[in-house]
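Enquirer: The following file, upload-v3.pdb, comprises PDB, C-alpha atoms and all ligand atoms:
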ATOM      1  CA  MET A   7      27.471 -20.444  -8.619
ATOM      2  CA  PRO A   8      28.292 -19.251  -5.126
ATOM      3  CA  GLU A   9      26.832 -15.812  -5.982
ATOM      4  CA  ASN A  10      23.422 -17.359  -6.345
ATOM      5  CA  ARG A  11      23.592 -19.326  -3.131
ATOM      6  CA  LYS A  12      24.118 -16.460  -0.746
ATOM      7  CA  PRO A  13      22.584 -17.489   2.565
ATOM      8  CA  GLN A  14      19.447 -15.628   3.584
ATOM      9  CA  HIS A  15      19.219 -14.183   7.040
ATOM     10  CA  ARG A  16      17.641 -16.746   9.296
ATOM     11  CA  LEU A  17      13.905 -16.448   9.599
ATOM     12  CA  ASP A  18      12.400 -16.021  13.018
ATOM     13  CA  PRO A  19       9.596 -18.580  13.384
ATOM     14  CA  HIS A  20       7.962 -16.343  16.010
ATOM     15  CA  ASN A  21       7.581 -13.489  13.538
ATOM     16  CA  PRO A  22       3.872 -13.507  12.639
ATOM     17  CA  LEU A  23       4.724 -12.846   8.986
ATOM     18  CA  VAL A  24       6.866 -15.968   8.858
ATOM     19  CA  LEU A  25       4.663 -18.910   7.995
ATOM     20  CA  ASP A  26       5.372 -22.479   8.913
ATOM     21  CA  THR A  27       4.396 -24.822   6.078
ATOM     22  CA  ARG A  28       4.977 -28.121   7.866
ATOM     23  CA  GLU A  29       1.243 -28.708   8.195
ATOM     24  CA  LEU A  30       0.834 -28.155   4.477
ATOM     25  CA  GLY A  31       3.319 -30.868   3.577
ATOM     26  CA  ARG A  32       5.075 -31.126   0.247
ATOM     27  CA  ARG A  33       2.642 -33.221  -1.724
ATOM     28  CA  PRO A  34       1.731 -31.127  -4.779
ATOM     29  CA  GLY A  35      -1.905 -30.154  -4.653
ATOM     30  CA  SER A  36      -2.256 -29.953  -0.911
ATOM     31  CA  MET A  37      -3.696 -26.699   0.271
ATOM     32  CA  ARG A  38      -4.222 -24.731   3.417
ATOM     33  CA  MET A  39      -6.034 -21.487   4.132
ATOM     34  CA  VAL A  40      -4.361 -18.968   6.380
ATOM     35  CA  ARG A  41      -6.546 -16.244   7.832
ATOM     36  CA  LEU A  42      -4.870 -14.305  10.534
ATOM     37  CA  PRO A  43      -4.144 -10.882  11.871
ATOM     38  CA  ALA A  44      -0.503  -9.821  11.964
ATOM     39  CA  PRO A  45       1.147  -6.664  13.204
ATOM     40  CA  ALA A  46       2.602  -4.482  10.448
ATOM     41  CA  PRO A  47       6.387  -4.448  10.164
ATOM     42  CA  VAL A  48       8.287  -1.181  10.495
ATOM     43  CA  GLY A  49       8.461   1.012   7.407
ATOM     44  CA  LEU A  50       5.654  -0.531   5.374
ATOM     45  CA  GLY A  51       4.801   2.178   2.866
ATOM     46  CA  GLU A  52       6.054   5.565   1.790
ATOM     47  CA  GLN A  53       6.782   8.839   3.486
ATOM     48  CA  LEU A  54       3.376  10.449   2.942
ATOM     49  CA  ILE A  55       1.290   7.357   3.435
ATOM     50  CA  GLY A  56       1.801   3.895   4.798
ATOM     51  CA  VAL A  57       0.956   1.403   7.477
ATOM     52  CA  THR A  58       1.790   2.307  11.046
ATOM     53  CA  ALA A  59       4.204  -0.209  12.536
ATOM     54  CA  GLY A  60       2.291  -2.631  14.713
ATOM     55  CA  ALA A  61      -1.100  -1.814  13.153
ATOM     56  CA  GLU A  62      -3.141  -4.900  12.405
ATOM     57  CA  ILE A  63      -2.923  -6.456   8.954
ATOM     58  CA  GLU A  64      -5.589  -8.990   8.016
ATOM     59  CA  LEU A  65      -4.168 -11.808   5.947
ATOM     60  CA  ASP A  66      -6.427 -14.033   3.913
ATOM     61  CA  LEU A  67      -4.168 -16.403   2.038
ATOM     62  CA  ARG A  68      -4.151 -19.738   0.353
ATOM     63  CA  LEU A  69      -1.023 -21.832   0.605
ATOM     64  CA  GLU A  70      -0.724 -24.392  -2.109
ATOM     65  CA  SER A  71       1.979 -26.976  -2.455
ATOM     66  CA  VAL A  72       3.260 -27.156  -6.035
ATOM     67  CA  MET A  73       6.210 -28.968  -7.624
ATOM     68  CA  GLU A  74       8.620 -26.072  -7.212
ATOM     69  CA  GLY A  75       7.572 -24.840  -3.831
ATOM     70  CA  VAL A  76       4.679 -23.187  -2.059
ATOM     71  CA  LEU A  77       2.388 -20.882  -3.945
ATOM     72  CA  VAL A  78       0.917 -18.179  -1.734
ATOM     73  CA  SER A  79      -2.028 -16.205  -3.032
ATOM     74  CA  GLY A  80      -4.750 -14.097  -1.537
ATOM     75  CA  THR A  81      -5.182 -10.689  -0.028
ATOM     76  CA  ALA A  82      -3.833  -8.539   2.727
ATOM     77  CA  ASP A  83      -6.026  -5.850   4.171
ATOM     78  CA  VAL A  84      -3.968  -3.059   5.696
ATOM     79  CA  PRO A  85      -4.865   0.088   7.609
ATOM     80  CA  LEU A  86      -3.320   3.205   6.066
ATOM     81  CA  THR A  87      -2.397   6.419   7.738
ATOM     82  CA  GLY A  88      -1.003   9.402   5.956
ATOM     83  CA  GLU A  89      -1.326  12.979   4.986
ATOM     84  CA  CYS A  90      -3.343  14.426   2.134
ATOM     85  CA  GLY A  91      -1.007  15.731  -0.573
ATOM     86  CA  ARG A  92      -3.246  18.781  -1.104
ATOM     87  CA  CYS A  93      -4.707  19.841   2.227
ATOM     88  CA  LEU A  94      -2.364  18.005   4.659
ATOM     89  CA  ASP A  95      -5.341  16.540   6.474
ATOM     90  CA  THR A  96      -4.843  13.165   8.148
ATOM     91  CA  ILE A  97      -5.834  10.196   6.048
ATOM     92  CA  ASP A  98      -7.229   7.091   7.703
ATOM     93  CA  ASP A  99      -8.021   4.494   5.162
ATOM     94  CA  ARG A 100      -7.789   0.822   4.390
ATOM     95  CA  LEU A 101      -6.230  -0.869   1.439
ATOM     96  CA  THR A 102      -6.647  -4.402   0.207
ATOM     97  CA  VAL A 103      -3.755  -5.693  -1.828
ATOM     98  CA  GLU A 104      -3.461  -8.858  -3.853
ATOM     99  CA  VAL A 105      -0.595 -11.121  -2.977
ATOM    100  CA  GLN A 106       0.771 -13.871  -5.165
ATOM    101  CA  GLU A 107       4.170 -15.416  -4.849
ATOM    102  CA  LEU A 108       5.863 -18.724  -5.395
ATOM    103  CA  PHE A 109       8.278 -19.556  -2.608
ATOM    104  CA  ALA A 110      10.776 -21.937  -4.126
ATOM    105  CA  TYR A 111      12.007 -25.032  -2.315
ATOM    106  CA  ALA A 112      15.755 -25.206  -1.869
ATOM    107  CA  ASP A 113      17.370 -26.882  -4.892
ATOM    108  CA  SER A 114      14.216 -26.695  -7.003
ATOM    109  CA  THR A 115      14.745 -25.434 -10.561
ATOM    110  CA  THR A 116      13.266 -22.094  -9.569
ATOM    111  CA  ASP A 117      15.684 -21.838  -6.673
ATOM    112  CA  LEU A 118      18.701 -22.760  -8.777
ATOM    113  CA  THR A 119      17.894 -20.639 -11.816
ATOM    114  CA  GLY A 120      15.979 -17.704 -10.321
ATOM    115  CA  GLU A 121      17.464 -14.255  -9.900
ATOM    116  CA  ASP A 122      18.925 -13.883  -6.464
ATOM    117  CA  ASP A 123      16.913 -10.912  -5.325
ATOM    118  CA  GLU A 124      13.790 -11.500  -7.382
ATOM    119  CA  THR A 125      13.043 -15.039  -6.332
ATOM    120  CA  ALA A 126      11.242 -15.768  -3.110
ATOM    121  CA  ARG A 127      12.616 -18.852  -1.459
ATOM    122  CA  MET A 128      11.563 -21.165   1.296
ATOM    123  CA  GLN A 129      13.891 -21.451   4.219
ATOM    124  CA  GLY A 130      13.434 -25.001   5.281
ATOM    125  CA  ASP A 131       9.720 -25.203   6.025
ATOM    126  CA  PHE A 132       9.344 -21.480   6.592
ATOM    127  CA  LEU A 133       8.499 -18.645   4.295
ATOM    128  CA  ASP A 134       8.651 -14.923   4.920
ATOM    129  CA  LEU A 135       5.687 -12.870   3.764
ATOM    130  CA  GLU A 136       7.204  -9.523   4.619
ATOM    131  CA  PRO A 137       9.046  -8.711   1.341
ATOM    132  CA  VAL A 138       6.031  -9.812  -0.688
ATOM    133  CA  LEU A 139       3.688  -7.747   1.420
ATOM    134  CA  ARG A 140       6.006  -4.772   1.216
ATOM    135  CA  ASP A 141       6.094  -4.859  -2.597
ATOM    136  CA  ALA A 142       2.338  -5.289  -2.879
ATOM    137  CA  VAL A 143       1.563  -2.396  -0.532
ATOM    138  CA  VAL A 144       4.093   0.028  -2.007
ATOM    139  CA  LEU A 145       2.850  -0.706  -5.535
ATOM    140  CA  ALA A 146      -0.751  -0.087  -4.531
ATOM    141  CA  LEU A 147      -0.157   3.196  -2.734
ATOM    142  CA  PRO A 148      -1.221   6.358  -4.519
ATOM    143  CA  LEU A 149       1.605   8.654  -5.665
ATOM    144  CA  THR A 150      -0.271  11.595  -4.235
ATOM    145  CA  PRO A 151      -2.420  10.470  -1.348
ATOM    146  CA  LEU A 152      -5.656  12.434  -1.083
ATOM    147  CA  CYS A 153      -8.169  12.696   1.756
ATOM    148  CA  GLN A 154     -10.857  12.502  -0.935
ATOM    149  CA  GLN A 155     -10.639  12.354  -4.724
ATOM    150  CA  ASP A 156     -11.807  15.924  -5.250
ATOM    151  CA  CYS A 157      -9.995  17.522  -2.329
ATOM    152  CA  ALA A 158      -9.770  21.216  -3.141
ATOM    153  CA  GLY A 159      -6.592  21.779  -1.158
ATOM    154  CA  LEU A 160      -5.801  24.854   0.854
ATOM    155  CA  CYS A 161      -6.753  28.478   0.387
ATOM    156  CA  VAL A 162      -3.606  30.223  -0.833
ATOM    157  CA  ASP A 163      -4.425  33.257   1.283
ATOM    158  CA  CYS A 164      -5.353  31.888   4.686
ATOM    159  CA  GLY A 165      -4.116  28.282   4.484
ATOM    160  CA  GLU A 166      -7.448  26.830   5.620
ATOM    161  CA  ARG A 167      -8.869  23.705   3.970
ATOM    162  CA  LEU A 168     -11.123  24.920   1.166
ATOM    163  CA  ASP A 169     -13.479  21.998   1.758
ATOM    164  CA  ASP A 170     -14.097  23.272   5.288
ATOM    165  CA  LEU A 171     -14.871  26.785   4.101
ATOM    166  CA  PRO A 172     -18.079  28.117   2.587
ATOM    167  CA  GLU A 173     -18.180  27.897  -1.201
ATOM    168  CA  ASP A 174     -17.974  31.668  -1.645
ATOM    169  CA  HIS A 175     -14.900  31.939   0.593
ATOM    170  CA  ALA A 176     -12.790  34.887  -0.571
ATOM    171  CA  HIS A 177     -10.544  37.436   1.024
ATOM    172  CA  SER A 178     -11.797  40.623  -0.504
ATOM    173  CA  THR A 179     -15.392  41.132  -1.377
ATOM    174  CA  PRO A 180     -15.675  42.057  -5.039
ATOM    175  CA  ASP A 181     -17.342  45.381  -5.808
ATOM    176  CA  PRO A 182     -21.086  44.638  -5.650
ATOM    177  CA  ARG A 183     -21.601  46.257  -9.059
ATOM    178  CA  TRP A 184     -19.143  43.766 -10.593
ATOM    179  CA  ALA A 185     -20.718  40.920  -8.665
ATOM    180  CA  ALA A 186     -24.023  41.700 -10.315
ATOM    181  CA  LEU A 187     -22.400  41.711 -13.751
ATOM    182  CA  GLN A 188     -20.676  38.363 -13.189
ATOM    183  CA  GLY A 189     -23.966  36.568 -13.438
ATOM    184  CA  LEU A 190     -24.740  38.208 -16.757
ATOM    185  CA  THR A 191     -21.700  37.564 -18.891
ATOM    186  CA  ASP A 192     -19.616  34.656 -20.129
ATOM    187  CA  ASP A 193     -16.677  36.837 -21.032
ATOM    188  CA  PRO A 194     -13.871  35.618 -18.727
ATOM    189  CA  ASN A 195     -12.266  39.076 -18.796
ATOM    190  CA  ALA A 196     -15.344  40.535 -17.213
ATOM    191  CA  LEU A 197     -14.845  38.149 -14.278
ATOM    192  CA  ASN A 198     -11.386  39.446 -13.649
ATOM    193  CA  THR A 199     -12.251  41.034 -10.351
ATOM    194  CA  GLU A 200      -9.646  40.003  -7.850
ATOM    195  CA  GLU A 201     -11.220  37.375  -5.678
ATOM    196  CA  HIS A 202      -8.384  37.263  -3.188
TER     197      HIS A 202
HETATM  198 ZN    ZN B   1      -7.225  16.844   1.282
HETATM  199 ZN    ZN B   2      -8.822  31.819   2.631
END
Once you've parsed the file, please lay out its structure as structure tokens.

Expert:
Amino acid sequence: MPENRKPQHRLDPHNPLVLDTRELGRRPGSMRMVRLPAPAPVGLGEQLIGVTAGAEIELDLRLESVMEGVLVSGTADVPLTGECGRCLDTIDDRLTVEVQELFAYADSTTDLTGEDDETARMQGDFLDLEPVLRDAVVLALPLTPLCQQDCAGLCVDCGERLDDLPEDHAHSTPDPRWAALQGLTDDPNALNTEEH
């Protein structure tokens, strides 16, 4: 099946997200912990929120030699920068994502039978964490990033962040006689004094 054996691009052993498993060896059951900082690759995330290229990712991984390859599991802690979907404020946050992937040895059953683009494969003694990390981060990102869960967004009249404004922020003061009545009634129609 030549389709299935399409050569991968060669891994760069100097790329910090490319791990060398020679120390681990290939005896099933052997294990090694990998705790290291690595700079984020370009384009990790989505348009509104993601990881700035070069920002430091903290990897805390366990490499385990199994029959079919190397099982990588653990967490990656990434710094997030983005923009709040409601108030456009800058978001500075951190995200910890779970990582788990089997990197198949060449010619293992997993290698030979796995889908071409869904199977992670070893390249010699090296494995590339980047695609795995990319999937984990993108999956964990919120669809609408928010600066805080209850962000009130922007005032439709002046465009200021409502959370930065006093609670009674409004653009035309309601008639004081109505204001007095507002406290006295539950009828929503009675509250229909234009606040803005
Ligand atoms: Zn916000
Ligand atoms: Zn306003």

Enquirer: Residues within 12 Å of ligand ZN 2 (chain B), counting only C-alpha atoms and all ligand atoms: report them as a tab-separated table (two decimals) with C-alpha atoms, in the frame of the given file.

Expert:
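Output below, filename out.tsv:
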chain	number	residue	atom	x	y	z
A	159	GLY	CA	-6.59	21.78	-1.16
A	160	LEU	CA	-5.80	24.85	0.85
A	161	CYS	CA	-6.75	28.48	0.39
A	162	VAL	CA	-3.61	30.22	-0.83
A	163	ASP	CA	-4.42	33.26	1.28
A	164	CYS	CA	-5.35	31.89	4.69
A	165	GLY	CA	-4.12	28.28	4.48
A	166	GLU	CA	-7.45	26.83	5.62
A	167	ARG	CA	-8.87	23.70	3.97
A	168	LEU	CA	-11.12	24.92	1.17
A	169	ASP	CA	-13.48	22.00	1.76
A	170	ASP	CA	-14.10	23.27	5.29
A	171	LEU	CA	-14.87	26.78	4.10
A	172	PRO	CA	-18.08	28.12	2.59
A	173	GLU	CA	-18.18	27.90	-1.20
A	174	ASP	CA	-17.97	31.67	-1.64
A	175	HIS	CA	-14.90	31.94	0.59
A	176	ALA	CA	-12.79	34.89	-0.57
A	177	HIS	CA	-10.54	37.44	1.02
A	178	SER	CA	-11.80	40.62	-0.50
A	201	GLU	CA	-11.22	37.38	-5.68
A	202	HIS	CA	-8.38	37.26	-3.19

Enquirer: One number please: CA of Leu145 in chain A to CA of Glu107 in chain A, in Å, one decimal.

Expert: 14.8 Å

Enquirer: Within 12 Å of ligand ZN 1 (chain B), counting all atoms listed in the file, which protein or nucleic acid residues do you find, written as a PyMOL selection string?

Expert: chain A and resi 88-98+150-161+166-170

Enquirer: Could you give me, as an mmCIF file with C-alpha atoms, in the frame of the given file, the residues within 7 Å of range 51-57 of chain A, counting only C-alpha atoms and dropping anything in the same chain fewer than 2 positions from it?

Expert:
data_model
loop_
_atom_site.group_PDB
_atom_site.id
_atom_site.type_symbol
_atom_site.label_atom_id
_atom_site.label_comp_id
_atom_site.auth_asym_id
_atom_site.auth_seq_id
_atom_site.Cartn_x
_atom_site.Cartn_y
_atom_site.Cartn_z
ATOM 1 C CA ALA A 46 2.602 -4.482 10.448
ATOM 2 C CA GLY A 49 8.461 1.012 7.407
ATOM 3 C CA ALA A 59 4.204 -0.209 12.536
ATOM 4 C CA ALA A 61 -1.100 -1.814 13.153
ATOM 5 C CA VAL A 84 -3.968 -3.059 5.696
ATOM 6 C CA PRO A 85 -4.865 0.088 7.609
ATOM 7 C CA LEU A 86 -3.320 3.205 6.066
ATOM 8 C CA THR A 87 -2.397 6.419 7.738
ATOM 9 C CA GLY A 88 -1.003 9.402 5.956
ATOM 10 C CA GLU A 89 -1.326 12.979 4.986
ATOM 11 C CA VAL A 143 1.563 -2.396 -0.532
ATOM 12 C CA VAL A 144 4.093 0.028 -2.007
ATOM 13 C CA PRO A 151 -2.420 10.470 -1.348
#

Enquirer: Since I can't run it myself right now, could you work out what the PyMOL selection byres (((chain A and resi 72-81) around 8) and not hetatm) selects here and report it as a VMD selection string?

Expert: chain A and resid 32 to 35 65 to 71 82 to 83 102 to 111 114 to 116 128

Enquirer: With the file shown as input, list the residues that the PyMOL selection byres (((chain A and resi 130) around 12) and not hetatm) selects, as a count of residues only.

Expert: 26

Enquirer: Would you give the centre and edge lengths, in Å to one decimal, of a box along x, y and z around the listed atoms of range 46-60 of chain A, with 4 Å added to each side, as JSON?

Expert:
{"center_x": 4.7, "center_y": 3.0, "center_z": 8.3, "size_x": 15.5, "size_y": 22.9, "size_z": 20.9}

Enquirer: In Å, with one decimal, what is the gap from CA of Pro47 in chain A to CA of Ile63 in chain A?

Expert: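 A separation of 9.6 Å between them.
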
Enquirer: So how far away is CA of Glu121 in chain A from CA of Met39 in chain A, in Å?

Expert: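 Spanning CA of Met39 in chain A to CA of Glu121 in chain A is a straight-line distance of 28.3 Å.
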
Enquirer: Counting only C-alpha atoms, figure out which residue out of A:Val48, A:Leu23, A:Pro43, A:Leu101 gets nearest to Leu147 in chain A.

Expert: A:Leu101

Enquirer: Using all atoms listed in the file, find the one residue out of A:Arg38, A:Gly120, A:Ala126, A:His20 that sits nearest to Leu139 in chain A.

Expert: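 Selected residue with least distance to Leu139 in chain A: A:Ala126.
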